[in-house]
$ cat work_18.tsv   # TSV, C-alpha atoms
chain	number	residue	atom	x	y	z
A	70	MET	CA	49.68	88.24	127.87
A	71	ASN	CA	47.52	85.26	128.73
A	72	HIS	CA	45.41	85.56	131.83
A	73	ILE	CA	43.89	82.81	133.94
A	74	LEU	CA	40.29	82.74	135.11
A	75	LYS	CA	39.82	80.19	137.88
A	76	ILE	CA	36.33	78.65	137.81
A	77	LYS	CA	34.88	76.79	140.79
A	78	LYS	CA	31.90	74.50	140.34
A	79	LEU	CA	29.51	75.08	143.23
A	80	ASN	CA	27.17	72.41	141.90
A	81	ASP	CA	28.04	69.12	140.17
A	82	LYS	CA	25.57	69.99	137.38
A	83	ALA	CA	27.34	73.27	136.56
A	84	VAL	CA	28.90	73.66	133.12
A	85	VAL	CA	32.35	75.28	132.98
A	86	PRO	CA	32.30	78.10	130.38
A	87	LYS	CA	34.41	77.79	127.25
A	88	GLN	CA	34.85	79.49	123.91
A	89	ALA	CA	32.69	78.06	121.13
A	90	THR	CA	35.39	78.91	118.57
A	91	ARG	CA	38.95	80.17	118.85
A	92	GLY	CA	37.84	83.66	117.78
A	93	SER	CA	34.90	83.90	120.20
A	94	ALA	CA	35.20	86.90	122.51
A	95	GLY	CA	32.82	85.41	125.06
A	96	MET	CA	32.43	82.09	126.79
A	97	ASP	CA	28.95	80.64	127.15
A	98	LEU	CA	27.36	80.65	130.60
A	99	SER	CA	24.86	77.86	131.20
A	100	ALA	CA	21.91	77.55	133.56
A	101	CYS	CA	22.36	75.25	136.56
A	102	LEU	CA	18.83	74.23	137.53
A	103	ASP	CA	17.03	71.51	139.46
A	104	GLU	CA	13.88	72.22	137.46
A	105	ASP	CA	12.90	74.29	134.45
A	106	VAL	CA	12.25	78.03	134.93
A	107	VAL	CA	9.50	79.76	132.98
A	108	ILE	CA	10.03	83.45	132.21
A	109	ARG	CA	6.79	85.11	131.18
A	110	PRO	CA	6.71	88.17	128.89
A	111	GLY	CA	7.99	91.22	130.81
A	112	GLU	CA	9.18	89.06	133.71
A	113	ILE	CA	12.68	88.89	135.20
A	114	LYS	CA	14.09	85.71	136.71
A	115	MET	CA	17.46	85.16	138.40
A	116	ILE	CA	19.14	82.13	136.83
A	117	PRO	CA	21.99	80.42	138.72
A	118	THR	CA	25.07	79.12	136.91
A	119	GLY	CA	26.45	77.01	139.76
A	120	LEU	CA	29.83	78.70	139.28
A	121	SER	CA	32.08	81.18	141.01
A	122	ALA	CA	35.20	82.74	139.51
A	123	ALA	CA	38.54	84.28	140.42
A	124	PRO	CA	40.48	86.25	137.78
A	125	ASP	CA	44.25	86.37	138.15
A	126	THR	CA	44.22	90.18	138.26
A	127	ASP	CA	42.12	92.83	139.98
A	128	GLU	CA	42.50	95.07	136.90
A	129	CYS	CA	39.62	93.35	135.13
A	130	ALA	CA	35.93	92.62	135.35
A	131	LEU	CA	33.79	89.80	134.07
A	132	LEU	CA	31.00	91.15	131.87
A	133	ILE	CA	27.83	89.18	131.19
A	134	TYR	CA	26.26	89.82	127.79
A	135	ALA	CA	23.23	88.46	125.97
A	136	ARG	CA	23.58	85.54	123.60
A	137	SER	CA	22.57	86.96	120.26
A	138	GLY	CA	20.43	83.96	119.31
A	139	LEU	CA	18.33	84.15	122.48
A	140	ALA	CA	17.98	87.91	122.20
A	141	CYS	CA	17.09	88.03	118.49
A	142	LYS	CA	14.88	84.93	118.31
A	143	HIS	CA	13.17	85.05	121.71
A	144	GLY	CA	13.78	88.49	123.28
A	145	ILE	CA	15.73	86.95	126.18
A	146	ALA	CA	18.58	89.11	127.53
A	147	PRO	CA	20.22	90.16	130.79
A	148	ALA	CA	17.81	92.46	132.64
A	149	ASN	CA	20.54	95.01	133.35
A	150	CYS	CA	21.76	94.90	129.72
A	151	VAL	CA	25.30	94.01	130.77
A	152	GLY	CA	26.04	92.28	134.07
A	153	VAL	CA	29.24	93.16	135.91
A	154	VAL	CA	31.10	90.66	138.08
A	155	ASP	CA	33.76	92.50	140.07
A	156	SER	CA	37.22	90.91	140.23
A	157	ASP	CA	36.94	90.40	144.01
A	158	TYR	CA	33.47	88.76	143.98
A	159	ARG	CA	33.60	85.08	144.90
A	160	GLY	CA	29.91	84.23	145.19
A	161	GLU	CA	27.81	82.36	142.66
A	162	ILE	CA	27.49	84.01	139.28
A	163	LYS	CA	23.80	84.45	138.51
A	164	VAL	CA	22.18	85.99	135.46
A	165	ALA	CA	19.05	88.11	135.74
A	166	LEU	CA	17.19	87.36	132.51
A	167	ILE	CA	14.25	89.38	131.17
A	168	ASN	CA	11.76	88.22	128.59
A	169	HIS	CA	11.19	91.04	126.08
A	170	GLY	CA	9.26	88.64	123.84
A	171	ASN	CA	5.55	87.92	123.57
A	172	GLU	CA	5.60	84.27	124.66
A	173	ASP	CA	6.67	82.35	127.75
A	174	PHE	CA	10.28	81.19	127.56
A	175	VAL	CA	11.50	78.05	129.31
A	176	VAL	CA	15.06	77.91	130.67
A	177	THR	CA	16.31	74.35	131.09
A	178	ASN	CA	19.30	72.93	132.92
A	179	GLU	CA	22.56	73.38	130.98
A	180	MET	CA	20.92	75.81	128.53
A	181	ARG	CA	23.41	78.43	127.35
A	182	ILE	CA	21.87	81.64	128.68
A	183	ALA	CA	24.52	84.37	128.37
A	184	GLN	CA	28.13	84.95	127.51
A	185	LEU	CA	30.98	85.90	129.81
A	186	VAL	CA	33.77	88.25	128.72
A	187	MET	CA	36.82	89.05	130.84
A	188	THR	CA	37.90	92.62	130.12
A	189	PRO	CA	40.43	95.14	131.45
A	190	VAL	CA	39.11	97.92	133.67
A	191	ILE	CA	40.76	101.31	134.07
A	192	ILE	CA	40.19	102.83	137.52
A	193	PRO	CA	41.12	106.51	137.29
A	194	GLN	CA	42.37	108.74	140.04
A	195	ILE	CA	39.57	111.29	140.57
A	196	CYS	CA	40.56	114.95	140.44
A	197	GLU	CA	37.76	117.44	141.17
A	198	VAL	CA	38.11	120.64	139.15
A	199	SER	CA	36.10	123.83	138.73
A	200	GLU	CA	36.36	123.86	134.89
A	201	LEU	CA	36.81	121.29	132.13
A	202	ASP	CA	38.68	121.69	128.85
A	203	GLU	CA	36.60	123.12	125.98
A	204	THR	CA	35.90	120.84	123.00
A	205	GLU	CA	34.22	121.27	119.62
A	206	ARG	CA	31.20	119.37	120.93
A	207	ASN	CA	31.14	120.75	124.49
A	208	ALA	CA	27.77	119.92	126.10
A	209	GLY	CA	26.07	118.81	122.88
A	210	GLY	CA	24.24	115.62	123.80
A	211	PHE	CA	21.85	113.19	122.20
A	212	GLY	CA	21.58	113.83	118.46
A	213	SER	CA	23.91	116.84	118.52
A	214	THR	CA	26.26	115.35	115.92
A	215	GLY	CA	23.55	114.80	113.31
A	216	GLN	CA	21.49	111.68	114.08

$ encode --input "work_18.tsv" --output "structure tokens"
Amino acid sequence: MNHILKIKKLNDKAVVPKQATRGSAGMDLSACLDEDVVIRPGEIKMIPTGLSAAPDTDECALLIYARSGLACKHGIAPANCVGVVDSDYRGEIKVALINHGNEDFVVTNEMRIAQLVMTPVIIPQICEVSELDETERNAGGFGSTGQ
């Protein structure tokens, strides 16, 4: 089933996200800036996109991921690893970027800074219990399966 994601430009300079190729899972989000933003090593800066969005279903979320080129070449990624835009949020989408690199990084207007993925979300009905089913793993945590 095809879904619709309504995008509203809040700023004339905003770039509407789109797939780079037909098989791309994400759509590039671009910076919407009046002037360049410098992110120093270890620093976090909030970068506006000039966009708001409205999915056609409340059974989804918009997830903001790093662009692999920025992350691998420059150490630039979302500060919270993956940003979550709830289906009922109608404010401006902003991306908190962190510089994990060793050099200043300059974000310019219309620079592709992250990628947006619309994904289904399962909201379970919570049932509090006194015991959980036993499994082969049980409480074995980090490294318990061999690595």

$ closest_atom_pairs --input "work_18.tsv" --of "region 71-105 of chain A" --to "region 159-174 of chain A" --cutoff "12 Å" --atoms "all atoms listed in the file" --output "JSON lines"
{"residue": "A:Lys75", "atom": "CA", "partner": "A:Arg159", "partner_atom": "CA", "distance": 10.6}
{"residue": "A:Ile76", "atom": "CA", "partner": "A:Arg159", "partner_atom": "CA", "distance": 10.0}
{"residue": "A:Lys77", "atom": "CA", "partner": "A:Glu161", "partner_atom": "CA", "distance": 9.2}
{"residue": "A:Lys78", "atom": "CA", "partner": "A:Glu161", "partner_atom": "CA", "distance": 9.2}
{"residue": "A:Leu79", "atom": "CA", "partner": "A:Glu161", "partner_atom": "CA", "distance": 7.5}
{"residue": "A:Asn80", "atom": "CA", "partner": "A:Glu161", "partner_atom": "CA", "distance": 10.0}
{"residue": "A:Ala83", "atom": "CA", "partner": "A:Glu161", "partner_atom": "CA", "distance": 11.0}
{"residue": "A:Val85", "atom": "CA", "partner": "A:Ile162", "partner_atom": "CA", "distance": 11.8}
{"residue": "A:Pro86", "atom": "CA", "partner": "A:Ile162", "partner_atom": "CA", "distance": 11.7}
{"residue": "A:Asp97", "atom": "CA", "partner": "A:Val164", "partner_atom": "CA", "distance": 12.0}
{"residue": "A:Leu98", "atom": "CA", "partner": "A:Val164", "partner_atom": "CA", "distance": 8.9}
{"residue": "A:Ser99", "atom": "CA", "partner": "A:Val164", "partner_atom": "CA", "distance": 9.6}
{"residue": "A:Ala100", "atom": "CA", "partner": "A:Val164", "partner_atom": "CA", "distance": 8.7}
{"residue": "A:Cys101", "atom": "CA", "partner": "A:Lys163", "partner_atom": "CA", "distance": 9.5}
{"residue": "A:Leu102", "atom": "CA", "partner": "A:Lys163", "partner_atom": "CA", "distance": 11.4}
{"residue": "A:Asp105", "atom": "CA", "partner": "A:Phe174", "partner_atom": "CA", "distance": 10.1}

$ atom_distance --input "work_18.tsv" --atom1 "CA of Ala122 (chain A)" --atom2 "CA of Tyr158 (chain A)"
7.7 Å

$ atom_distance --input "work_18.tsv" --atom1 "CA of Arg109 (chain A)" --atom2 "CA of Ile182 (chain A)"
15.7 Å

$ atom_distance --input "work_18.tsv" --atom1 "CA of Ala135 (chain A)" --atom2 "CA of Ala183 (chain A)"
4.9 Å

$ residues_around --input "work_18.tsv" --residues "Ala94 (chain A)" --least-positions-apart "3" --cutoff "9 Å" --atoms "only C-alpha atoms" --output "VMD selection string"
chain A and resid 88 90 to 91 184 to 187

$ closest_residue --input "work_18.tsv" --among "A:Glu200, A:Glu128, A:Asp157, A:Glu179" --to "Ile116 (chain A)" --atoms "only C-alpha atoms"
A:Glu179

$ residues_around --input "work_18.tsv" --residues "Ile191 (chain A)" --least-positions-apart "5" --cutoff "12 Å" --atoms "all atoms listed in the file" --output "PDB file with C-alpha atoms, keeping the file's coordinate frame"
ATOM      1  CA  ASP A 127      42.120  92.830 139.980  1.00  0.00           C
ATOM      2  CA  GLU A 128      42.500  95.070 136.900  1.00  0.00           C
ATOM      3  CA  CYS A 129      39.620  93.350 135.130  1.00  0.00           C
ATOM      4  CA  ALA A 130      35.930  92.620 135.350  1.00  0.00           C
TER       5      ALA A 130
END
